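S.K.: start_24.pdb is reproduced below (PDB, C-alpha atoms, pLDDT in the B column).
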ATOM      1  CA  MET A  30      -8.324  12.037-105.052  1.00 49.00           C
ATOM      2  CA  MET A  31      -8.658  10.414-101.601  1.00 50.00           C
ATOM      3  CA  LEU A  32      -6.035   7.824-100.775  1.00 48.00           C
ATOM      4  CA  LEU A  33      -6.972   4.892 -98.559  1.00 48.00           C
ATOM      5  CA  ARG A  34      -4.223   3.826 -96.177  1.00 53.00           C
ATOM      6  CA  ILE A  35      -4.169   0.049 -95.902  1.00 47.00           C
ATOM      7  CA  PRO A  36      -2.739  -1.314 -92.593  1.00 50.00           C
ATOM      8  CA  SER A  37       0.500  -3.168 -92.949  1.00 53.00           C
ATOM      9  CA  ALA A  38       0.645  -6.938 -92.535  1.00 52.00           C
ATOM     10  CA  LYS A  39       2.620  -6.521 -89.286  1.00 52.00           C
ATOM     11  CA  LEU A  40      -0.047  -4.238 -87.808  1.00 48.00           C
ATOM     12  CA  LEU A  41      -2.844  -6.641 -88.728  1.00 45.00           C
ATOM     13  CA  THR A  42      -0.948  -9.556 -87.215  1.00 53.00           C
ATOM     14  CA  TRP A  43      -0.292  -7.641 -83.968  1.00 51.00           C
ATOM     15  CA  THR A  44      -3.963  -6.548 -83.675  1.00 52.00           C
ATOM     16  CA  THR A  45      -5.260 -10.064 -84.303  1.00 53.00           C
ATOM     17  CA  GLY A  46      -2.846 -11.524 -81.742  1.00 55.00           C
ATOM     18  CA  THR A  47      -3.912  -8.986 -79.110  1.00 55.00           C
ATOM     19  CA  LEU A  48      -7.596  -9.833 -79.593  1.00 50.00           C
ATOM     20  CA  ILE A  49      -6.925 -13.565 -79.299  1.00 50.00           C
ATOM     21  CA  ILE A  50      -4.972 -13.089 -76.050  1.00 49.00           C
ATOM     22  CA  ALA A  51      -7.737 -10.903 -74.615  1.00 48.00           C
ATOM     23  CA  LEU A  52     -10.382 -13.524 -75.413  1.00 48.00           C
ATOM     24  CA  MET A  53      -8.263 -16.255 -73.816  1.00 52.00           C
ATOM     25  CA  LEU A  54      -7.832 -14.223 -70.631  1.00 45.00           C
ATOM     26  CA  THR A  55     -11.583 -13.662 -70.261  1.00 43.00           C
ATOM     27  CA  LYS A  56     -12.048 -17.445 -70.187  1.00 47.00           C
ATOM     28  CA  LEU A  57      -9.175 -18.118 -67.824  1.00 44.00           C
ATOM     29  CA  VAL A  58      -9.993 -15.436 -65.252  1.00 39.00           C
ATOM     30  CA  PRO A  59     -13.387 -16.055 -63.530  1.00 41.00           C
ATOM     31  CA  TRP A  60     -15.804 -13.167 -63.209  1.00 37.00           C
ATOM     32  CA  GLN A  61     -15.803 -11.628 -59.742  1.00 37.00           C
ATOM     33  CA  PRO A  62     -18.946  -9.819 -58.555  1.00 34.00           C
ATOM     34  CA  THR A  63     -18.618  -6.256 -57.367  1.00 35.00           C
ATOM     35  CA  VAL A  64     -19.217  -5.823 -53.648  1.00 33.00           C
ATOM     36  CA  THR A  65     -21.878  -3.210 -52.977  1.00 33.00           C
ATOM     37  CA  ASP A  66     -23.674  -1.970 -49.897  1.00 34.00           C
ATOM     38  CA  ASP A  67     -26.439  -4.493 -50.597  1.00 38.00           C
ATOM     39  CA  GLN A  68     -24.364  -7.644 -50.561  1.00 35.00           C
ATOM     40  CA  THR A  69     -21.449  -9.236 -48.774  1.00 42.00           C
ATOM     41  CA  ILE A  70     -19.002 -11.679 -50.312  1.00 33.00           C
ATOM     42  CA  THR A  71     -18.017 -14.375 -47.827  1.00 42.00           C
ATOM     43  CA  SER A  72     -16.177 -17.612 -48.532  1.00 37.00           C
ATOM     44  CA  GLY A  73     -16.956 -17.307 -52.221  1.00 41.00           C
ATOM     45  CA  ASP A  74     -20.728 -17.069 -51.660  1.00 49.00           C
ATOM     46  CA  ILE A  75     -22.949 -14.049 -52.128  1.00 53.00           C
ATOM     47  CA  CYS A  76     -24.906 -13.406 -48.927  1.00 50.00           C
ATOM     48  CA  ILE A  77     -27.955 -11.208 -49.260  1.00 57.00           C
ATOM     49  CA  VAL A  78     -27.930  -8.466 -46.633  1.00 61.00           C
ATOM     50  CA  ALA A  79     -31.656  -8.090 -46.059  1.00 87.00           C
ATOM     51  CA  PRO A  80     -32.737  -5.210 -43.835  1.00 92.00           C
ATOM     52  CA  ALA A  81     -34.569  -6.090 -40.638  1.00 96.00           C
ATOM     53  CA  THR A  82     -38.221  -5.088 -40.361  1.00 97.00           C
ATOM     54  CA  PRO A  83     -38.628  -2.425 -37.640  1.00 97.00           C
ATOM     55  CA  PHE A  84     -41.335  -2.786 -35.019  1.00 98.00           C
ATOM     56  CA  ASP A  85     -44.504  -0.768 -35.596  1.00 97.00           C
ATOM     57  CA  PRO A  86     -46.626   0.045 -32.501  1.00 96.00           C
ATOM     58  CA  ASN A  87     -49.655   0.278 -34.785  1.00 96.00           C
ATOM     59  CA  TRP A  88     -49.549  -3.496 -35.227  1.00 95.00           C
ATOM     60  CA  GLY A  89     -51.274  -3.775 -31.856  1.00 97.00           C
ATOM     61  CA  ILE A  90     -48.986  -6.545 -30.563  1.00 97.00           C
ATOM     62  CA  SER A  91     -46.312  -6.657 -27.878  1.00 97.00           C
ATOM     63  CA  LEU A  92     -42.706  -5.870 -28.764  1.00 98.00           C
ATOM     64  CA  LEU A  93     -41.559  -9.500 -28.761  1.00 98.00           C
ATOM     65  CA  ALA A  94     -44.703 -11.195 -30.113  1.00 98.00           C
ATOM     66  CA  PRO A  95     -44.465 -13.056 -33.438  1.00 98.00           C
ATOM     67  CA  ARG A  96     -45.621 -10.999 -36.363  1.00 98.00           C
ATOM     68  CA  LYS A  97     -46.983 -11.448 -39.881  1.00 97.00           C
ATOM     69  CA  ILE A  98     -44.366 -11.799 -42.616  1.00 98.00           C
ATOM     70  CA  PRO A  99     -44.270  -8.794 -44.960  1.00 97.00           C
ATOM     71  CA  ALA A 100     -44.549  -9.797 -48.611  1.00 97.00           C
ATOM     72  CA  ASP A 101     -41.287  -8.018 -49.463  1.00 96.00           C
ATOM     73  CA  ALA A 102     -39.228  -9.364 -46.521  1.00 97.00           C
ATOM     74  CA  ARG A 103     -36.197 -11.403 -47.580  1.00 96.00           C
ATOM     75  CA  CYS A 104     -34.324 -14.117 -45.743  1.00 96.00           C
ATOM     76  CA  PRO A 105     -30.891 -12.716 -44.772  1.00 95.00           C
ATOM     77  CA  VAL A 106     -29.265 -16.119 -45.337  1.00 93.00           C
ATOM     78  CA  CYS A 107     -30.539 -17.177 -48.764  1.00 91.00           C
ATOM     79  CA  GLY A 108     -32.388 -14.142 -50.141  1.00 93.00           C
ATOM     80  CA  MET A 109     -35.719 -15.951 -50.596  1.00 94.00           C
ATOM     81  CA  TYR A 110     -39.074 -14.398 -49.697  1.00 96.00           C
ATOM     82  CA  PRO A 111     -40.344 -16.174 -46.539  1.00 97.00           C
ATOM     83  CA  ALA A 112     -43.938 -15.058 -47.192  1.00 97.00           C
ATOM     84  CA  ARG A 113     -43.929 -17.427 -50.182  1.00 96.00           C
ATOM     85  CA  THR A 114     -43.081 -20.420 -47.975  1.00 93.00           C
ATOM     86  CA  SER A 115     -45.040 -19.410 -44.893  1.00 96.00           C
ATOM     87  CA  GLU A 116     -45.643 -23.047 -43.905  1.00 96.00           C
ATOM     88  CA  TRP A 117     -41.877 -23.311 -43.273  1.00 97.00           C
ATOM     89  CA  ALA A 118     -41.112 -19.755 -42.146  1.00 98.00           C
ATOM     90  CA  ALA A 119     -39.252 -18.631 -39.039  1.00 98.00           C
ATOM     91  CA  GLN A 120     -38.362 -15.292 -37.471  1.00 98.00           C
ATOM     92  CA  VAL A 121     -35.872 -13.694 -35.113  1.00 98.00           C
ATOM     93  CA  ILE A 122     -36.860 -10.697 -33.014  1.00 98.00           C
ATOM     94  CA  PHE A 123     -34.235  -8.406 -31.541  1.00 98.00           C
ATOM     95  CA  LYS A 124     -34.556  -6.648 -28.209  1.00 98.00           C
ATOM     96  CA  ASN A 125     -35.543  -3.385 -29.929  1.00 97.00           C
ATOM     97  CA  GLY A 126     -38.351  -5.123 -31.839  1.00 98.00           C
ATOM     98  CA  ASP A 127     -36.580  -5.386 -35.204  1.00 98.00           C
ATOM     99  CA  THR A 128     -37.305  -8.662 -36.986  1.00 98.00           C
ATOM    100  CA  HIS A 129     -35.573 -10.900 -39.508  1.00 98.00           C
ATOM    101  CA  PHE A 130     -37.685 -13.476 -41.344  1.00 98.00           C
ATOM    102  CA  PHE A 131     -36.423 -16.794 -42.699  1.00 97.00           C
ATOM    103  CA  ASP A 132     -37.745 -19.167 -45.316  1.00 96.00           C
ATOM    104  CA  SER A 133     -37.293 -22.214 -43.035  1.00 95.00           C
ATOM    105  CA  PRO A 134     -35.897 -23.494 -39.716  1.00 95.00           C
ATOM    106  CA  LEU A 135     -32.679 -24.464 -41.526  1.00 94.00           C
ATOM    107  CA  THR A 136     -31.825 -20.896 -42.510  1.00 94.00           C
ATOM    108  CA  LEU A 137     -32.851 -19.708 -39.045  1.00 96.00           C
ATOM    109  CA  PHE A 138     -30.363 -22.125 -37.457  1.00 95.00           C
ATOM    110  CA  ILE A 139     -27.633 -21.154 -39.950  1.00 93.00           C
ATOM    111  CA  TYR A 140     -28.232 -17.516 -39.030  1.00 96.00           C
ATOM    112  CA  LEU A 141     -28.057 -18.220 -35.299  1.00 95.00           C
ATOM    113  CA  LEU A 142     -24.629 -19.828 -35.737  1.00 93.00           C
ATOM    114  CA  ASP A 143     -23.205 -16.416 -36.698  1.00 94.00           C
ATOM    115  CA  PRO A 144     -25.692 -13.496 -36.843  1.00 96.00           C
ATOM    116  CA  SER A 145     -23.000 -10.915 -37.645  1.00 94.00           C
ATOM    117  CA  LYS A 146     -22.186 -12.747 -40.891  1.00 93.00           C
ATOM    118  CA  TYR A 147     -25.657 -12.050 -42.270  1.00 93.00           C
ATOM    119  CA  SER A 148     -26.594  -8.852 -40.380  1.00 92.00           C
ATOM    120  CA  ARG A 149     -23.955  -6.160 -40.257  1.00 88.00           C
ATOM    121  CA  GLY A 150     -23.633  -4.690 -36.785  1.00 90.00           C
ATOM    122  CA  ARG A 151     -25.818  -7.357 -35.143  1.00 93.00           C
ATOM    123  CA  ASN A 152     -24.751 -10.008 -32.675  1.00 93.00           C
ATOM    124  CA  ALA A 153     -26.363 -12.900 -30.825  1.00 95.00           C
ATOM    125  CA  SER A 154     -26.705 -10.954 -27.562  1.00 96.00           C
ATOM    126  CA  GLU A 155     -29.235  -8.627 -29.238  1.00 97.00           C
ATOM    127  CA  ILE A 156     -31.649 -11.456 -30.054  1.00 98.00           C
ATOM    128  CA  ALA A 157     -34.608 -11.619 -27.680  1.00 98.00           C
ATOM    129  CA  VAL A 158     -36.583 -14.540 -29.115  1.00 98.00           C
ATOM    130  CA  SER A 159     -37.076 -16.628 -32.242  1.00 98.00           C
ATOM    131  CA  TYR A 160     -40.096 -18.463 -33.634  1.00 98.00           C
ATOM    132  CA  VAL A 161     -40.752 -21.261 -36.103  1.00 98.00           C
ATOM    133  CA  THR A 162     -43.960 -22.390 -37.791  1.00 98.00           C
ATOM    134  CA  ASP A 163     -45.760 -25.433 -36.392  1.00 98.00           C
ATOM    135  CA  THR A 164     -45.999 -27.878 -39.302  1.00 97.00           C
ATOM    136  CA  SER A 165     -49.263 -29.353 -38.019  1.00 95.00           C
ATOM    137  CA  GLN A 166     -51.104 -26.210 -36.979  1.00 95.00           C
ATOM    138  CA  GLY A 167     -49.475 -23.414 -38.982  1.00 96.00           C
ATOM    139  CA  GLN A 168     -49.013 -21.285 -35.863  1.00 97.00           C
ATOM    140  CA  TRP A 169     -45.896 -19.591 -34.506  1.00 98.00           C
ATOM    141  CA  ILE A 170     -44.094 -21.368 -31.663  1.00 98.00           C
ATOM    142  CA  LYS A 171     -40.928 -20.424 -29.815  1.00 98.00           C
ATOM    143  CA  THR A 172     -37.890 -22.181 -31.250  1.00 98.00           C
ATOM    144  CA  SER A 173     -36.771 -23.176 -27.762  1.00 97.00           C
ATOM    145  CA  GLU A 174     -40.092 -24.942 -27.125  1.00 98.00           C
ATOM    146  CA  ALA A 175     -40.441 -26.676 -30.501  1.00 98.00           C
ATOM    147  CA  PHE A 176     -39.740 -30.291 -31.414  1.00 98.00           C
ATOM    148  CA  PHE A 177     -37.968 -30.762 -34.745  1.00 97.00           C
ATOM    149  CA  VAL A 178     -37.731 -33.748 -37.056  1.00 96.00           C
ATOM    150  CA  SER A 179     -34.292 -34.181 -38.581  1.00 93.00           C
ATOM    151  CA  GLY A 180     -33.609 -36.420 -41.582  1.00 91.00           C
ATOM    152  CA  SER A 181     -37.154 -36.956 -42.824  1.00 93.00           C
ATOM    153  CA  GLU A 182     -38.018 -37.550 -46.473  1.00 93.00           C
ATOM    154  CA  VAL A 183     -39.886 -34.239 -46.626  1.00 93.00           C
ATOM    155  CA  MET A 184     -38.144 -31.542 -48.650  1.00 90.00           C
ATOM    156  CA  GLY A 185     -38.271 -27.933 -47.528  1.00 89.00           C
ATOM    157  CA  PRO A 186     -37.840 -24.811 -49.675  1.00 87.00           C
ATOM    158  CA  MET A 187     -35.379 -25.297 -52.589  1.00 75.00           C
ATOM    159  CA  ARG A 188     -36.225 -29.028 -52.489  1.00 74.00           C
ATOM    160  CA  ALA A 189     -33.625 -29.775 -49.825  1.00 74.00           C
ATOM    161  CA  GLY A 190     -33.743 -31.394 -46.390  1.00 78.00           C
ATOM    162  CA  ASN A 191     -35.021 -29.316 -43.516  1.00 91.00           C
ATOM    163  CA  PHE A 192     -36.443 -29.408 -39.969  1.00 95.00           C
ATOM    164  CA  PRO A 193     -40.242 -29.588 -39.725  1.00 97.00           C
ATOM    165  CA  ALA A 194     -41.260 -28.093 -36.373  1.00 98.00           C
ATOM    166  CA  PHE A 195     -44.009 -29.080 -33.942  1.00 98.00           C
ATOM    167  CA  SER A 196     -45.330 -27.711 -30.671  1.00 98.00           C
ATOM    168  CA  LEU A 197     -46.312 -31.192 -29.432  1.00 98.00           C
ATOM    169  CA  ILE A 198     -43.847 -34.071 -29.210  1.00 98.00           C
ATOM    170  CA  GLU A 199     -46.650 -36.502 -30.100  1.00 98.00           C
ATOM    171  CA  ASP A 200     -47.151 -34.713 -33.446  1.00 98.00           C
ATOM    172  CA  ALA A 201     -43.417 -34.774 -34.122  1.00 98.00           C
ATOM    173  CA  GLN A 202     -43.187 -38.488 -33.305  1.00 98.00           C
ATOM    174  CA  ASP A 203     -46.176 -39.285 -35.509  1.00 98.00           C
ATOM    175  CA  PHE A 204     -44.618 -37.296 -38.364  1.00 98.00           C
ATOM    176  CA  ALA A 205     -41.268 -39.099 -37.961  1.00 97.00           C
ATOM    177  CA  LYS A 206     -43.030 -42.476 -37.922  1.00 97.00           C
ATOM    178  CA  LYS A 207     -44.752 -41.722 -41.239  1.00 97.00           C
ATOM    179  CA  ARG A 208     -42.037 -39.710 -43.031  1.00 96.00           C
ATOM    180  CA  GLY A 209     -38.831 -40.843 -41.344  1.00 97.00           C
ATOM    181  CA  GLY A 210     -36.346 -38.885 -39.287  1.00 95.00           C
ATOM    182  CA  THR A 211     -35.455 -38.303 -35.645  1.00 95.00           C
ATOM    183  CA  VAL A 212     -37.227 -36.037 -33.153  1.00 97.00           C
ATOM    184  CA  MET A 213     -34.989 -33.567 -31.355  1.00 96.00           C
ATOM    185  CA  LYS A 214     -34.876 -30.164 -29.708  1.00 97.00           C
ATOM    186  CA  ALA A 215     -33.096 -27.186 -31.237  1.00 96.00           C
ATOM    187  CA  ASP A 216     -30.089 -27.475 -28.933  1.00 94.00           C
ATOM    188  CA  GLN A 217     -29.557 -31.091 -30.076  1.00 94.00           C
ATOM    189  CA  ILE A 218     -29.090 -30.173 -33.734  1.00 91.00           C
ATOM    190  CA  LYS A 219     -25.381 -30.261 -34.570  1.00 86.00           C
ATOM    191  CA  SER A 220     -23.788 -27.352 -36.413  1.00 82.00           C
ATOM    192  CA  GLN A 221     -22.067 -29.747 -38.827  1.00 76.00           C
ATOM    193  CA  SER A 222     -25.371 -31.242 -39.961  1.00 77.00           C
ATOM    194  CA  LEU A 223     -26.702 -27.726 -40.455  1.00 85.00           C
ATOM    195  CA  GLN A 224     -23.720 -26.776 -42.618  1.00 80.00           C
ATOM    196  CA  ASN A 225     -24.016 -29.971 -44.673  1.00 79.00           C
ATOM    197  CA  LEU A 226     -27.704 -29.384 -45.353  1.00 76.00           C
ATOM    198  CA  HIS A 227     -27.071 -25.737 -46.149  1.00 68.00           C
ATOM    199  CA  ARG A 228     -24.335 -26.602 -48.661  1.00 76.00           C
ATOM    200  CA  SER A 229     -26.492 -29.220 -50.387  1.00 60.00           C
ATOM    201  CA  ARG A 230     -29.320 -26.713 -50.584  1.00 58.00           C
ATOM    202  CA  GLN A 231     -27.055 -24.098 -52.152  1.00 54.00           C
ATOM    203  CA  HIS A 232     -25.864 -26.682 -54.676  1.00 41.00           C
ATOM    204  CA  LEU A 233     -29.444 -27.501 -55.704  1.00 42.00           C
ATOM    205  CA  HIS A 234     -30.216 -23.785 -56.011  1.00 42.00           C
ATOM    206  CA  LEU A 235     -27.209 -23.212 -58.296  1.00 39.00           C
ATOM    207  CA  LYS A 236     -28.308 -26.072 -60.551  1.00 44.00           C
ATOM    208  CA  ASP A 237     -31.749 -24.496 -61.152  1.00 42.00           C
TER     209      ASP A 237
END
Please express the file's structure as C-alpha cells.
M.R.:
Amino acid sequence: MMLLRIPSAKLLTWTTGTLIIALMLTKLVPWQPTVTDDQTITSGDICIVAPATPFDPNWGISLLAPRKIPADARCPVCGMYPARTSEWAAQVIFKNGDTHFFDSPLTLFIYLLDPSKYSRGRNASEIAVSYVTDTSQGQWIKTSEAFFVSGSEVMGPMRAGNFPAFSLIEDAQDFAKKRGGTVMKADQIKSQSLQNLHRSRQHLHLKD
C-alpha cells in the first residue's frame, strides 16, 4: 500500500511565508531592462541606437546631398520611423556619407547637442551637413539656412511642440502670425528649451 507523506504544518507555513515575501519584493523592486547591443540606457531612459544609413553611389547624388528617407530608417533619438512623418523629417550627413534620419527638427537638435550619446563612436566633428524639411514646400533645406518657428500652436510628431522650418523668412513670419510663435534661426534656439520640449514629448509618449 502506498503511503502519502503529508507536509508538516511548519513546512507549509515556511513555504507560504517565502512565497509572500517573494511577491512583495517583485512589487518593491522596479524592473530594470537588460542592456543589449541594440540599446543604451542613459539617465533612466532607453535610447534607441539606430544604425546610420551608408551612402550608395548608385543613388546618383553627391556625397553630401540630401537623400530620400528609407522606410525602415529609425530616429536615433526617439526610435520613430521618420518616413512616416516626412513633412517634419530631418537628416544629418557625416563626412563619409553616412546618414541619420530624424522624425522632426526637435530630435535633430537634441541629437546635435550630444551626438555620441545617440551614436556610439560618432562625434560632432564628423558631421558635414544637416537638413530639415521646409514646412511650406516639402523640400529639404540646410538647417543653417532655415528659419524656424518656436512656440507655435502646431503639434509635431507625438503631439508635442516642435520647430516648423521654412526656407523663406516671409513664410515663417506668415506662419507665426497665423499659428503663433517666434521666428528664429537654429543658433538662437536655447538648449534648455529643447530639453524641456523633449521631456514633455517623452511624457506624452509614455502616456500612450
S.K.: Please report the interatomic distance between CA of Val158 (chain A) and CA of Cys107 (chain A) in Å with one decimal.
M.R.: 20.7 Å
S.K.: Please, what distance in Å, to one decimal, runs between CA of Phe192 (chain A) and CA of Val121 (chain A)?
M.R.: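 Computing the Euclidean distance for CA of Phe192 (chain A) and CA of Val121 (chain A) yields 16.5 Å.
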S.K.: Could you list, as a VMD selection string, every residue matched by the PyMOL selection byres ((chain A and resi 166-173) around 8) in this structure?
M.R.: chain A and resid 95 116 158 to 165 174 to 175 196 214 to 215
S.K.: Which residue out of A:Leu141, A:Leu135, A:Met187, A:Ala153 has the minimum interatomic distance to Leu226 (chain A) when all atoms listed in the file are used?
M.R.: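 Closest to Leu226 (chain A) of all the choices is A:Leu135.
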S.K.: Would you kindly translate the PyMOL selection byres ((chain A and resi 101) around 10) into the concrete residues it picks from this file, as a PyMOL selection string?
M.R.: chain A and resi 98-100+102-104+109-113
S.K.: Applied to this file, what does the PyMOL selection byres ((chain A and resi 177-183) around 6) return in terms of residues, put as an MDAnalysis selection string?
M.R.: chainID A and resid 176 184 192:194 208:214
S.K.: Would you compute the distance between CA of Ala94 (chain A) and CA of Trp117 (chain A)? Give it in Å to one decimal.
M.R.: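 Atom-to-atom, CA of Ala94 (chain A) to CA of Trp117 (chain A), that is 18.1 Å.
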S.K.: Starting from the incomplete input, reconstruct N, CA and C atoms of region 188-203 of chain A and report them as a short mmCIF file (atom, residue, chain, number, x, y, z; two decimals), in the frame of the given file.
M.R.:
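Resulting contents of result_35.cif:
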data_model
loop_
_atom_site.label_atom_id
_atom_site.label_comp_id
_atom_site.auth_asym_id
_atom_site.auth_seq_id
_atom_site.Cartn_x
_atom_site.Cartn_y
_atom_site.Cartn_z
N ARG A 188 -36.23 -27.58 -52.33
CA ARG A 188 -36.22 -29.03 -52.49
C ARG A 188 -35.05 -29.69 -51.78
N ALA A 189 -34.72 -29.20 -50.62
CA ALA A 189 -33.62 -29.78 -49.82
C ALA A 189 -34.14 -30.16 -48.45
N GLY A 190 -33.35 -30.97 -47.72
CA GLY A 190 -33.74 -31.39 -46.39
C GLY A 190 -33.92 -30.22 -45.45
N ASN A 191 -34.76 -30.41 -44.43
CA ASN A 191 -35.02 -29.32 -43.52
C ASN A 191 -35.46 -29.88 -42.16
N PHE A 192 -36.08 -29.02 -41.33
CA PHE A 192 -36.44 -29.41 -39.97
C PHE A 192 -37.90 -29.03 -39.68
N PRO A 193 -38.85 -29.86 -40.09
CA PRO A 193 -40.24 -29.59 -39.72
C PRO A 193 -40.37 -29.42 -38.22
N ALA A 194 -41.16 -28.43 -37.80
CA ALA A 194 -41.26 -28.09 -36.37
C ALA A 194 -42.67 -28.38 -35.85
N PHE A 195 -42.73 -28.74 -34.57
CA PHE A 195 -44.01 -29.08 -33.94
C PHE A 195 -44.03 -28.57 -32.50
N SER A 196 -45.20 -28.16 -32.05
CA SER A 196 -45.33 -27.71 -30.67
C SER A 196 -45.53 -28.89 -29.73
N LEU A 197 -46.07 -30.00 -30.24
CA LEU A 197 -46.31 -31.19 -29.43
C LEU A 197 -45.38 -32.32 -29.86
N ILE A 198 -44.76 -32.97 -28.90
CA ILE A 198 -43.85 -34.07 -29.21
C ILE A 198 -44.59 -35.23 -29.87
N GLU A 199 -45.86 -35.42 -29.50
CA GLU A 199 -46.65 -36.50 -30.10
C GLU A 199 -46.81 -36.28 -31.61
N ASP A 200 -47.02 -35.03 -32.02
CA ASP A 200 -47.15 -34.71 -33.45
C ASP A 200 -45.83 -34.96 -34.17
N ALA A 201 -44.74 -34.58 -33.52
CA ALA A 201 -43.42 -34.77 -34.12
C ALA A 201 -43.12 -36.27 -34.27
N GLN A 202 -43.44 -37.05 -33.26
CA GLN A 202 -43.19 -38.49 -33.30
C GLN A 202 -44.04 -39.16 -34.37
N ASP A 203 -45.28 -38.73 -34.50
CA ASP A 203 -46.18 -39.28 -35.51
C ASP A 203 -45.66 -38.95 -36.91
#
